[in-house]
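This is model_17.tsv (TSV, C-alpha atoms and all ligand atoms).
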```tsv
chain	number	residue	atom	x	y	z
A	1	MET	CA	-27.36	19.85	-1.34
A	2	SER	CA	-24.18	20.11	-3.43
A	3	ALA	CA	-23.87	18.82	-6.96
A	4	GLU	CA	-23.09	15.18	-7.57
A	5	GLU	CA	-19.42	14.42	-8.18
A	6	SER	CA	-17.93	11.28	-9.70
A	7	THR	CA	-14.53	9.60	-9.62
A	8	PRO	CA	-13.02	6.16	-10.00
A	9	ALA	CA	-12.19	4.70	-6.59
A	10	VAL	CA	-11.02	1.60	-4.75
A	11	VAL	CA	-12.77	0.57	-1.53
A	12	LEU	CA	-10.24	0.38	1.32
A	13	ARG	CA	-12.54	-0.60	4.18
A	14	THR	CA	-16.17	-0.66	5.22
A	15	ARG	CA	-18.24	-1.00	8.32
A	16	ASP	CA	-21.93	-1.35	8.90
A	17	TYR	CA	-23.69	1.54	10.52
A	18	ALA	CA	-27.09	1.68	12.14
A	19	GLU	CA	-29.78	-0.60	10.71
A	20	SER	CA	-29.01	-0.54	7.04
A	21	ASP	CA	-26.24	1.94	6.28
A	22	ARG	CA	-22.61	1.38	5.53
A	23	ILE	CA	-19.63	3.65	6.13
A	24	VAL	CA	-17.04	3.24	3.40
A	25	THR	CA	-13.48	4.54	3.08
A	26	LEU	CA	-12.20	4.78	-0.49
A	27	LEU	CA	-9.08	5.89	-2.27
A	28	THR	CA	-10.35	7.96	-5.19
A	29	ARG	CA	-8.42	9.02	-8.24
A	30	ASP	CA	-9.60	12.63	-8.24
A	31	HIS	CA	-10.36	13.53	-4.63
A	32	GLY	CA	-7.87	11.61	-2.50
A	33	LYS	CA	-9.08	9.42	0.34
A	34	ILE	CA	-12.75	9.89	1.11
A	35	GLY	CA	-15.04	8.60	3.81
A	36	GLY	CA	-18.67	8.27	2.85
A	37	ILE	CA	-21.95	6.92	4.02
A	38	ALA	CA	-24.06	4.71	1.80
A	39	LYS	CA	-27.60	5.09	3.09
A	40	GLY	CA	-29.58	1.91	2.88
A	41	ALA	CA	-26.61	0.03	1.44
A	42	LYS	CA	-27.67	-3.22	2.98
A	43	ALA	CA	-31.23	-2.93	1.70
A	44	SER	CA	-30.64	-1.32	-1.67
A	45	ARG	CA	-29.01	-4.12	-3.55
A	46	HIS	CA	-29.82	-2.35	-6.78
A	47	ARG	CA	-27.55	0.61	-6.18
A	48	PHE	CA	-24.79	-0.96	-4.17
A	49	GLU	CA	-24.78	-4.72	-4.29
A	50	ARG	CA	-21.26	-6.08	-3.97
A	51	LYS	CA	-19.86	-2.75	-5.13
A	52	LEU	CA	-18.86	-1.43	-1.76
A	53	GLU	CA	-16.68	-4.22	-0.40
A	54	PRO	CA	-12.91	-4.02	0.15
A	55	PHE	CA	-11.08	-4.35	-3.22
A	56	SER	CA	-14.11	-3.15	-5.21
A	57	HIS	CA	-13.06	-0.83	-8.02
A	58	VAL	CA	-15.96	1.47	-8.77
A	59	MET	CA	-17.14	4.66	-10.34
A	60	LEU	CA	-18.19	6.47	-7.18
A	61	HIS	CA	-20.96	9.04	-7.30
A	62	PHE	CA	-21.31	11.22	-4.23
A	63	ARG	CA	-22.48	14.52	-2.83
A	64	ARG	CA	-20.67	16.55	-0.23
A	65	ARG	CA	-22.47	17.62	2.91
A	66	PRO	CA	-22.07	21.14	4.27
A	67	ASN	CA	-20.98	20.22	7.77
A	68	GLY	CA	-20.25	16.55	7.70
A	69	GLN	CA	-16.97	14.86	7.13
A	70	LEU	CA	-18.63	11.89	5.50
A	71	VAL	CA	-19.90	12.42	1.96
A	72	PHE	CA	-23.20	10.94	0.82
A	73	ILE	CA	-22.53	8.08	-1.55
A	74	THR	CA	-25.37	8.10	-4.05
A	75	ARG	CA	-24.30	5.29	-6.37
A	76	ALA	CA	-21.37	2.98	-7.09
A	77	GLU	CA	-21.00	1.22	-10.43
A	78	ALA	CA	-18.46	-1.17	-11.92
A	79	ALA	CA	-18.60	1.00	-15.06
A	80	GLY	CA	-16.18	-1.17	-16.99
A	81	LEU	CA	-13.33	-0.61	-14.52
A	82	ALA	CA	-10.84	-3.45	-14.04
A	83	GLN	CA	-11.93	-5.75	-11.23
A	84	PHE	CA	-9.53	-7.53	-8.91
A	85	PRO	CA	-10.41	-11.18	-8.22
A	86	ILE	CA	-8.57	-11.24	-4.90
A	87	ASP	CA	-10.87	-13.41	-2.84
A	88	GLU	CA	-10.20	-16.73	-4.57
A	89	ASN	CA	-6.85	-17.30	-2.90
A	90	LEU	CA	-5.71	-16.94	0.72
A	91	GLY	CA	-2.32	-15.50	-0.18
A	92	ARG	CA	-3.94	-12.86	-2.36
A	93	ILE	CA	-6.41	-11.93	0.35
A	94	ALA	CA	-3.58	-11.54	2.86
A	95	LEU	CA	-1.31	-9.43	0.66
A	96	GLY	CA	-4.24	-7.48	-0.78
A	97	ALA	CA	-5.57	-6.64	2.68
A	98	TYR	CA	-2.11	-5.38	3.61
A	99	MET	CA	-1.95	-3.24	0.46
A	100	LEU	CA	-5.30	-1.64	1.34
A	101	GLU	CA	-4.34	-1.07	4.96
A	102	LEU	CA	-0.93	0.43	4.16
A	103	THR	CA	-2.52	2.74	1.58
A	104	ASP	CA	-5.13	3.78	4.11
A	105	ALA	CA	-2.44	4.51	6.70
A	106	LEU	CA	-0.30	6.60	4.34
A	107	ALA	CA	-3.02	8.58	2.56
A	108	ALA	CA	-4.47	11.65	4.26
A	109	GLU	CA	-8.18	12.50	3.95
A	110	GLU	CA	-8.83	14.49	0.78
A	111	GLY	CA	-5.10	14.85	0.09
A	112	GLU	CA	-3.95	14.64	-3.52
A	113	ALA	CA	-3.58	10.94	-4.29
A	114	ALA	CA	-3.88	10.31	-8.03
A	115	LYS	CA	-0.46	8.66	-8.03
A	116	ALA	CA	-1.34	6.50	-5.03
A	117	TYR	CA	-4.51	5.40	-6.86
A	118	GLU	CA	-2.37	4.43	-9.85
A	119	ILE	CA	0.07	2.48	-7.65
A	120	LEU	CA	-2.71	0.68	-5.77
A	121	THR	CA	-4.70	-0.30	-8.87
A	122	SER	CA	-1.51	-1.51	-10.62
A	123	ALA	CA	-0.52	-3.54	-7.57
A	124	LEU	CA	-3.98	-5.10	-7.18
A	125	ALA	CA	-3.99	-5.97	-10.88
A	126	ALA	CA	-0.59	-7.66	-10.53
A	127	LEU	CA	-1.79	-9.44	-7.39
A	128	SER	CA	-4.86	-10.73	-9.23
A	129	ARG	CA	-2.50	-12.63	-11.54
A	130	SER	CA	-0.17	-13.97	-8.85
A	131	SER	CA	-0.26	-14.75	-5.15
A	132	ALA	CA	1.39	-13.56	-1.94
A	133	ASP	CA	4.58	-12.81	-3.81
A	134	LEU	CA	7.36	-11.29	-1.70
A	135	ALA	CA	8.87	-9.25	-4.55
A	136	LEU	CA	5.45	-7.76	-5.33
A	137	ARG	CA	4.97	-6.92	-1.66
A	138	GLN	CA	8.34	-5.17	-1.47
A	139	ALA	CA	7.86	-3.34	-4.77
A	140	PHE	CA	4.47	-2.10	-3.57
A	141	GLU	CA	5.85	-0.99	-0.20
A	142	LEU	CA	8.73	0.91	-1.82
A	143	ARG	CA	6.45	2.58	-4.35
A	144	MET	CA	3.75	3.61	-1.89
A	145	LEU	CA	6.29	4.84	0.66
A	146	LYS	CA	7.98	6.93	-2.00
A	147	TRP	CA	4.63	8.43	-2.98
A	148	ALA	CA	4.05	9.35	0.68
A	149	GLY	CA	7.39	11.15	0.81
A	150	PHE	CA	9.53	8.32	2.18
A	151	GLY	CA	11.84	7.48	-0.71
A	152	LEU	CA	14.45	4.97	0.46
A	153	ASP	CA	18.02	4.73	-0.81
A	154	PHE	CA	19.64	1.31	-0.97
A	155	VAL	CA	22.41	2.32	-3.35
A	156	ARG	CA	24.39	5.14	-1.81
A	157	CYS	CA	25.58	5.59	1.74
A	158	ARG	CA	23.48	8.22	3.50
A	159	VAL	CA	26.62	9.68	5.11
A	160	CYS	CA	29.41	9.68	2.51
A	161	ALA	CA	27.16	9.30	-0.58
A	162	GLU	CA	29.41	6.63	-2.06
A	163	SER	CA	28.03	3.38	-3.49
A	164	PRO	CA	29.45	0.65	-1.25
A	165	GLY	CA	29.18	-1.98	-3.99
A	166	ALA	CA	29.41	-5.71	-3.52
A	167	GLU	CA	33.06	-5.77	-2.43
A	168	ALA	CA	32.66	-3.31	0.44
A	169	GLY	CA	31.45	-5.81	3.01
A	170	ALA	CA	28.40	-5.23	5.17
A	171	ILE	CA	26.07	-2.31	4.75
A	172	TYR	CA	23.46	-1.24	7.25
A	173	PHE	CA	19.94	0.01	6.82
A	174	VAL	CA	19.25	2.83	9.27
A	175	VAL	CA	15.52	3.50	9.72
A	176	ALA	CA	15.94	7.10	10.89
A	177	ARG	CA	18.01	7.93	7.79
A	178	GLY	CA	15.76	6.19	5.28
A	179	GLY	CA	18.60	4.34	3.65
A	180	VAL	CA	21.86	2.50	3.97
A	181	VAL	CA	25.13	3.40	5.62
A	182	CYS	CA	28.43	1.83	4.57
A	183	SER	CA	30.68	-0.08	6.95
A	184	ARG	CA	33.21	2.77	7.05
A	185	CYS	CA	30.61	5.31	8.17
A	186	ARG	CA	28.71	2.93	10.43
A	187	PRO	CA	30.80	3.66	13.58
A	188	ASN	CA	29.92	7.36	13.27
A	189	VAL	CA	26.17	6.75	13.15
A	190	ALA	CA	24.47	6.66	16.53
A	191	GLU	CA	21.21	5.01	15.47
A	192	GLY	CA	20.79	1.27	15.27
A	193	GLY	CA	21.16	-0.38	11.88
A	194	ILE	CA	20.00	-3.61	10.27
A	195	ARG	CA	22.80	-5.47	8.56
A	196	LEU	CA	21.94	-5.99	4.88
A	197	ARG	CA	23.56	-8.35	2.44
A	198	SER	CA	24.53	-6.55	-0.75
A	199	GLU	CA	22.17	-8.87	-2.71
A	200	SER	CA	19.22	-7.71	-0.61
A	201	ALA	CA	20.13	-4.05	-1.01
A	202	ALA	CA	20.45	-4.57	-4.77
A	203	ALA	CA	17.08	-6.36	-4.94
A	204	LEU	CA	15.32	-3.51	-3.11
A	205	ALA	CA	17.00	-0.88	-5.29
A	206	ARG	CA	15.81	-2.75	-8.38
A	207	LEU	CA	12.27	-3.36	-7.09
A	208	GLU	CA	11.83	0.35	-6.49
A	209	THR	CA	12.35	1.08	-10.18
A	210	ILE	CA	10.82	-1.79	-12.19
A	211	ASP	CA	7.20	-1.83	-13.30
A	212	LEU	CA	4.89	-3.21	-10.61
A	213	ALA	CA	3.40	-5.54	-13.19
A	214	ASP	CA	6.84	-7.14	-13.68
A	215	SER	CA	7.75	-7.41	-10.01
A	216	ALA	CA	5.76	-10.53	-9.10
A	217	GLY	CA	8.00	-13.55	-9.56
A	218	SER	CA	11.22	-11.55	-9.67
A	219	THR	CA	13.94	-11.78	-7.01
A	220	PRO	CA	12.93	-10.27	-3.66
A	221	ALA	CA	15.24	-9.11	-0.90
A	222	GLY	CA	15.87	-11.81	1.68
A	223	SER	CA	14.81	-11.84	5.30
A	224	ASP	CA	17.29	-9.06	6.15
A	225	GLY	CA	15.68	-6.78	3.55
A	226	ALA	CA	12.19	-7.81	4.64
A	227	ALA	CA	13.08	-6.94	8.24
A	228	ALA	CA	14.42	-3.54	7.14
A	229	MET	CA	11.21	-2.80	5.24
A	230	ALA	CA	9.01	-3.94	8.12
A	231	ARG	CA	10.94	-1.77	10.58
A	232	PHE	CA	10.68	1.25	8.31
A	233	VAL	CA	6.96	0.81	7.58
A	234	ASN	CA	6.35	0.50	11.29
A	235	SER	CA	8.23	3.74	11.94
A	236	VAL	CA	6.13	5.87	9.58
A	237	VAL	CA	2.56	4.64	10.03
A	238	ASP	CA	0.60	5.99	12.96
A	239	ARG	CA	-1.14	2.75	13.78
A	240	ARG	CA	-0.55	-0.95	14.12
A	241	LEU	CA	-1.35	-2.60	10.78
A	242	ARG	CA	-3.59	-5.50	11.68
A	243	SER	CA	-3.09	-7.22	8.34
A	244	ILE	CA	0.67	-7.72	8.81
A	245	GLU	CA	0.48	-10.64	11.21
A	246	PHE	CA	-1.87	-12.57	8.95
A	247	LEU	CA	0.21	-11.76	5.89
A	248	ASP	CA	3.45	-12.85	7.54
A	249	SER	CA	1.89	-16.13	8.65
A	250	VAL	CA	0.60	-16.84	5.13
A	251	MET	CA	3.87	-15.88	3.46
A	252	ASN	CA	5.98	-17.94	5.87
A	253	ALA	CA	3.74	-20.95	5.39
A	254	GLY	CA	4.11	-20.67	1.64
A	255	ASN	CA	7.90	-20.28	1.57
J	1	ZN	ZN	29.60	5.84	3.92
```
Translate the structure described by the file into structure tokens.
Ligand SMILES: [Zn+2]
Amino acid sequence: MSAEESTPAVVLRTRDYAESDRIVTLLTRDHGKIGGIAKGAKASRHRFERKLEPFSHVMLHFRRRPNGQLVFITRAEAAGLAQFPIDENLGRIALGAYMLELTDALAAEEGEAAKAYEILTSALAALSRSSADLALRQAFELRMLKWAGFGLDFVRCRVCAESPGAEAGAIYFVVARGGVVCSRCRPNVAEGGIRLRSESAAALARLETIDLADSAGSTPAGSDGAAAMARFVNSVVDRRLRSIEFLDSVMNAGN
């Protein structure tokens, strides 16, 4: 069997397998997204207790198998890593579950993901100090999408490259172009667009650049910006994100 490897990791999802095993998907700092099997996880409380649940931030020890996709998880330890107390608050659970699911959808198995690990751990740390904050949600979406190669432009028109500015009237977010189109260019663009107020475009442009830790509590884009983000996320992930409906219901109830 191969040598044991170790890396910090965040648990994205788990499911029980057979009598006492657990299959765990993690975003690791050093080896991208990894799927592993924790043999006897349910029985061996010593090695694994509470360490392999969604949101757990662990030092993962594992061995690769010659022909299997799943690695063998040998141990998982807290090892002094920051923990994220997400489960004390419904809003946090909802937004946190969405963060995990979006990360899972955008990260490829074993692809390089050190930056995604940094974004996710920063976002979960910020979430641990706040709640289902819309600005934090949007800042996280923008950051993780950019990491995955989907940088969005809310400042300059995708056609003429000019900044429409506040005086230019309506601007339109066009999903297929990953950014906004000004009102002058809009008639020449065949794809559908979502009308954005200039305040919402400005908020999204700002949230893409500020520190994630500072985003919670700052000004989010309004419902037009939220709709643009939702439409774009939906266009790039290859699955229906089950956490979105729950998150939207929690966020609407709280606003
Ligand atoms: Zn234009």
(message) To check your reading of the model: which residues sit at most 8 Å from ligand ZN 1 (chain J) when counting only C-alpha atoms and all ligand atoms? Write the answer as a PyMOL selection string.
(response) chain A and resi 156-164+181-186
(request) Have a look at A:Ala9, A:Ile194, A:Leu27, A:Leu95 and name the one nearest to Met59 (chain A); count only C-alpha atoms. (result) A:Ala9
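CA of Trp147 (chain A) to CA of Arg231 (chain A) spans 18.1 Å [interatomic distance, one decimal].
With only C-alpha atoms as the atoms that count, the residue of A:Arg239, A:Arg177, A:Arg15, A:Lys33 with the shortest distance to Gln69 (chain A) is A:Lys33.
For the set A:Thr219, A:Asp214, A:Ala78, A:Ala228, the residue with the smallest atom-to-atom gap to Gly193 (chain A) is A:Ala228, counting only C-alpha atoms.
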(request) Excluding region 84-88 of chain A and residues on its chain fewer than 6 positions from it, collect all residues at most 10 Å away from it, counting all atoms listed in the file, and give them as a ChimeraX atom specification. (result) /A:54-57,94-97,121,123-131
Sorted per-residue table, region 53-137 of chain A near region 204-211 of chain A, closest atoms and distance, 10 Å, all atoms listed in the file, as a Markdown table:
```
| residue | atom | partner | partner_atom | distance |
| --- | --- | --- | --- | --- |
| A:Ser122 | CA | A:Asp211 | CA | 9.1 |
| A:Ala123 | CA | A:Asp211 | CA | 9.8 |
| A:Ala135 | CA | A:Leu207 | CA | 7.3 |
| A:Leu136 | CA | A:Leu207 | CA | 8.3 |
| A:Arg137 | CA | A:Leu207 | CA | 9.8 |
```
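Atom pair CA of Arg75 (chain A) / CA of His61 (chain A): separated by 5.1 Å.
Straight-line separation from CA of Tyr172 (chain A) to CA of Arg195 (chain A): 4.5 Å.
Residue nearest Lys146 (chain A), chosen from A:Asp224, A:Arg242, A:Lys115, A:Leu70 and counting all atoms listed in the file: A:Lys115.
Every protein, DNA or RNA residue with an atom at most 12 Å from Ala18 (chain A), where all atoms listed in the file count and chain neighbours fewer than 2 positions away do not, is listed here: A:Arg15, A:Asp16, A:Ser20, A:Asp21, A:Arg22, A:Ile23, A:Ile37, A:Ala38, A:Lys39, A:Gly40, A:Ala41, A:Lys42.
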Taking (-19.9, 0.1, -15.7) in the file's own coordinates, collect the residues within 12 Å, counting all atoms listed in the file, and hand them back as a short mmCIF file (atom, residue, chain, number, x, y, z; two decimals) with C-alpha atoms, in the coordinates of the input.
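Result file out_16.cif:
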```
data_model
loop_
_atom_site.label_atom_id
_atom_site.label_comp_id
_atom_site.auth_asym_id
_atom_site.auth_seq_id
_atom_site.Cartn_x
_atom_site.Cartn_y
_atom_site.Cartn_z
CA PRO A 8 -13.02 6.16 -10.00
CA LYS A 51 -19.86 -2.75 -5.13
CA HIS A 57 -13.06 -0.83 -8.02
CA VAL A 58 -15.96 1.47 -8.77
CA MET A 59 -17.14 4.66 -10.34
CA LEU A 60 -18.19 6.47 -7.18
CA ARG A 75 -24.30 5.29 -6.37
CA ALA A 76 -21.37 2.98 -7.09
CA GLU A 77 -21.00 1.22 -10.43
CA ALA A 78 -18.46 -1.17 -11.92
CA ALA A 79 -18.60 1.00 -15.06
CA GLY A 80 -16.18 -1.17 -16.99
CA LEU A 81 -13.33 -0.61 -14.52
CA ALA A 82 -10.84 -3.45 -14.04
CA GLN A 83 -11.93 -5.75 -11.23
#
```
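Neighbouring residues of Thr28 (chain A) at 9 Å or closer, counting all atoms listed in the file and skipping chain neighbours under 3 positions away, are A:Thr7, A:Pro8, A:Ala9, A:Val10, A:Val11, A:His31, A:Gly32, A:Lys33, A:Ile34, A:Leu60, A:Glu110, A:Ala113, A:Ala114, A:Tyr117.
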Give me the box for region 179-198 of chain A as AutoDock Vina command-line options, namely the centre and edge lengths in Å to one decimal of a box along x, y and z that holds every listed atom plus 5 Å on each side.
```
--center_x 25.9 --center_y -0.5 --center_z 7.9 --size_x 24.6 --size_y 25.7 --size_z 27.3
```
(message) Neighbouring residues of Ala226 (chain A) were defined as those with any atom within 12 Å, considering only C-alpha atoms; residues of the same chain fewer than 2 positions away were excluded. Please report them as a PyMOL selection string.
(response) chain A and resi 134-135+137-139+141-142+173+194-197+200-201+203-204+220-224+228-233+248+251-252
(message) Under the rule that all atoms listed in the file are counted, which of A:Ala170, A:Leu241, A:Ala3, A:Ala213 is the nearest residue to Glu199 (chain A)?
(response) A:Ala170
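Remark: for Ile73 (chain A), the closest of the candidate residues A:Ser6, A:Ala108, A:Leu120, A:Leu90 is A:Ser6 (distances computed over only C-alpha atoms).
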Can you rebuild region 198-233 of chain A with N, CA and C atoms and give it as a tab-separated table (two decimals), in the coordinates of the input?
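Dumped everything to selection-v9.tsv:
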```
chain	number	residue	atom	x	y	z
A	198	SER	N	24.53	-7.41	0.44
A	198	SER	CA	24.53	-6.55	-0.75
A	198	SER	C	23.48	-7.03	-1.76
A	199	GLU	N	23.21	-8.36	-1.79
A	199	GLU	CA	22.17	-8.87	-2.71
A	199	GLU	C	20.80	-8.31	-2.34
A	200	SER	N	20.53	-8.22	-1.04
A	200	SER	CA	19.22	-7.71	-0.61
A	200	SER	C	19.09	-6.22	-0.93
A	201	ALA	N	20.17	-5.47	-0.69
A	201	ALA	CA	20.13	-4.05	-1.01
A	201	ALA	C	19.91	-3.86	-2.52
A	202	ALA	N	20.59	-4.68	-3.31
A	202	ALA	CA	20.45	-4.57	-4.77
A	202	ALA	C	19.03	-4.92	-5.20
A	203	ALA	N	18.44	-5.95	-4.58
A	203	ALA	CA	17.08	-6.36	-4.94
A	203	ALA	C	16.09	-5.23	-4.63
A	204	LEU	N	16.24	-4.59	-3.48
A	204	LEU	CA	15.32	-3.51	-3.11
A	204	LEU	C	15.50	-2.30	-4.03
A	205	ALA	N	16.75	-2.01	-4.37
A	205	ALA	CA	17.00	-0.88	-5.29
A	205	ALA	C	16.34	-1.15	-6.64
A	206	ARG	N	16.40	-2.42	-7.08
A	206	ARG	CA	15.81	-2.75	-8.38
A	206	ARG	C	14.29	-2.73	-8.31
A	207	LEU	N	13.73	-3.28	-7.21
A	207	LEU	CA	12.27	-3.36	-7.09
A	207	LEU	C	11.63	-1.98	-7.02
A	208	GLU	N	12.39	-1.00	-6.58
A	208	GLU	CA	11.83	0.35	-6.49
A	208	GLU	C	11.64	0.96	-7.88
A	209	THR	N	12.38	0.45	-8.86
A	209	THR	CA	12.35	1.08	-10.18
A	209	THR	C	11.58	0.30	-11.24
A	210	ILE	N	11.47	-1.04	-11.11
A	210	ILE	CA	10.82	-1.79	-12.19
A	210	ILE	C	9.30	-1.61	-12.12
A	211	ASP	N	8.65	-1.91	-13.21
A	211	ASP	CA	7.20	-1.83	-13.30
A	211	ASP	C	6.58	-2.80	-12.29
A	212	LEU	N	5.56	-2.33	-11.57
A	212	LEU	CA	4.89	-3.21	-10.61
A	212	LEU	C	4.39	-4.49	-11.26
A	213	ALA	N	3.94	-4.37	-12.48
A	213	ALA	CA	3.40	-5.54	-13.19
A	213	ALA	C	4.47	-6.60	-13.41
A	214	ASP	N	5.75	-6.19	-13.44
A	214	ASP	CA	6.84	-7.14	-13.68
A	214	ASP	C	7.48	-7.64	-12.39
A	215	SER	N	7.05	-7.10	-11.25
A	215	SER	CA	7.75	-7.41	-10.01
A	215	SER	C	7.42	-8.79	-9.48
A	216	ALA	N	6.15	-9.22	-9.61
A	216	ALA	CA	5.76	-10.53	-9.10
A	216	ALA	C	6.60	-11.60	-9.79
A	217	GLY	N	7.20	-12.47	-9.00
A	217	GLY	CA	8.00	-13.55	-9.56
A	217	GLY	C	9.46	-13.18	-9.73
A	218	SER	N	9.81	-11.91	-9.57
A	218	SER	CA	11.22	-11.55	-9.67
A	218	SER	C	11.89	-11.74	-8.30
A	219	THR	N	13.18	-11.47	-8.22
A	219	THR	CA	13.94	-11.78	-7.01
A	219	THR	C	13.66	-10.75	-5.91
A	220	PRO	N	13.15	-11.21	-4.77
A	220	PRO	CA	12.93	-10.27	-3.66
A	220	PRO	C	14.19	-10.14	-2.81
A	221	ALA	N	14.21	-9.16	-1.93
A	221	ALA	CA	15.24	-9.11	-0.90
A	221	ALA	C	14.97	-10.22	0.10
A	222	GLY	N	16.03	-10.74	0.70
A	222	GLY	CA	15.87	-11.81	1.68
A	222	GLY	C	15.32	-11.31	3.00
A	223	SER	N	15.43	-12.16	4.01
A	223	SER	CA	14.81	-11.84	5.30
A	223	SER	C	15.41	-10.58	5.93
A	224	ASP	N	16.69	-10.29	5.63
A	224	ASP	CA	17.29	-9.06	6.15
A	224	ASP	C	16.61	-7.84	5.54
A	225	GLY	N	16.37	-7.88	4.22
A	225	GLY	CA	15.68	-6.78	3.55
A	225	GLY	C	14.24	-6.66	4.00
A	226	ALA	N	13.59	-7.82	4.17
A	226	ALA	CA	12.19	-7.81	4.64
A	226	ALA	C	12.10	-7.19	6.02
A	227	ALA	N	13.08	-7.50	6.88
A	227	ALA	CA	13.08	-6.94	8.24
A	227	ALA	C	13.29	-5.43	8.18
A	228	ALA	N	14.18	-4.98	7.28
A	228	ALA	CA	14.42	-3.54	7.14
A	228	ALA	C	13.15	-2.83	6.70
A	229	MET	N	12.45	-3.41	5.72
A	229	MET	CA	11.21	-2.80	5.24
A	229	MET	C	10.15	-2.76	6.34
A	230	ALA	N	10.02	-3.87	7.06
A	230	ALA	CA	9.01	-3.94	8.12
A	230	ALA	C	9.29	-2.88	9.19
A	231	ARG	N	10.56	-2.75	9.55
A	231	ARG	CA	10.94	-1.77	10.58
A	231	ARG	C	10.63	-0.35	10.09
A	232	PHE	N	10.91	-0.11	8.82
A	232	PHE	CA	10.68	1.25	8.31
A	232	PHE	C	9.18	1.56	8.23
A	233	VAL	N	8.41	0.61	7.68
A	233	VAL	CA	6.96	0.81	7.58
A	233	VAL	C	6.39	1.11	8.97
```
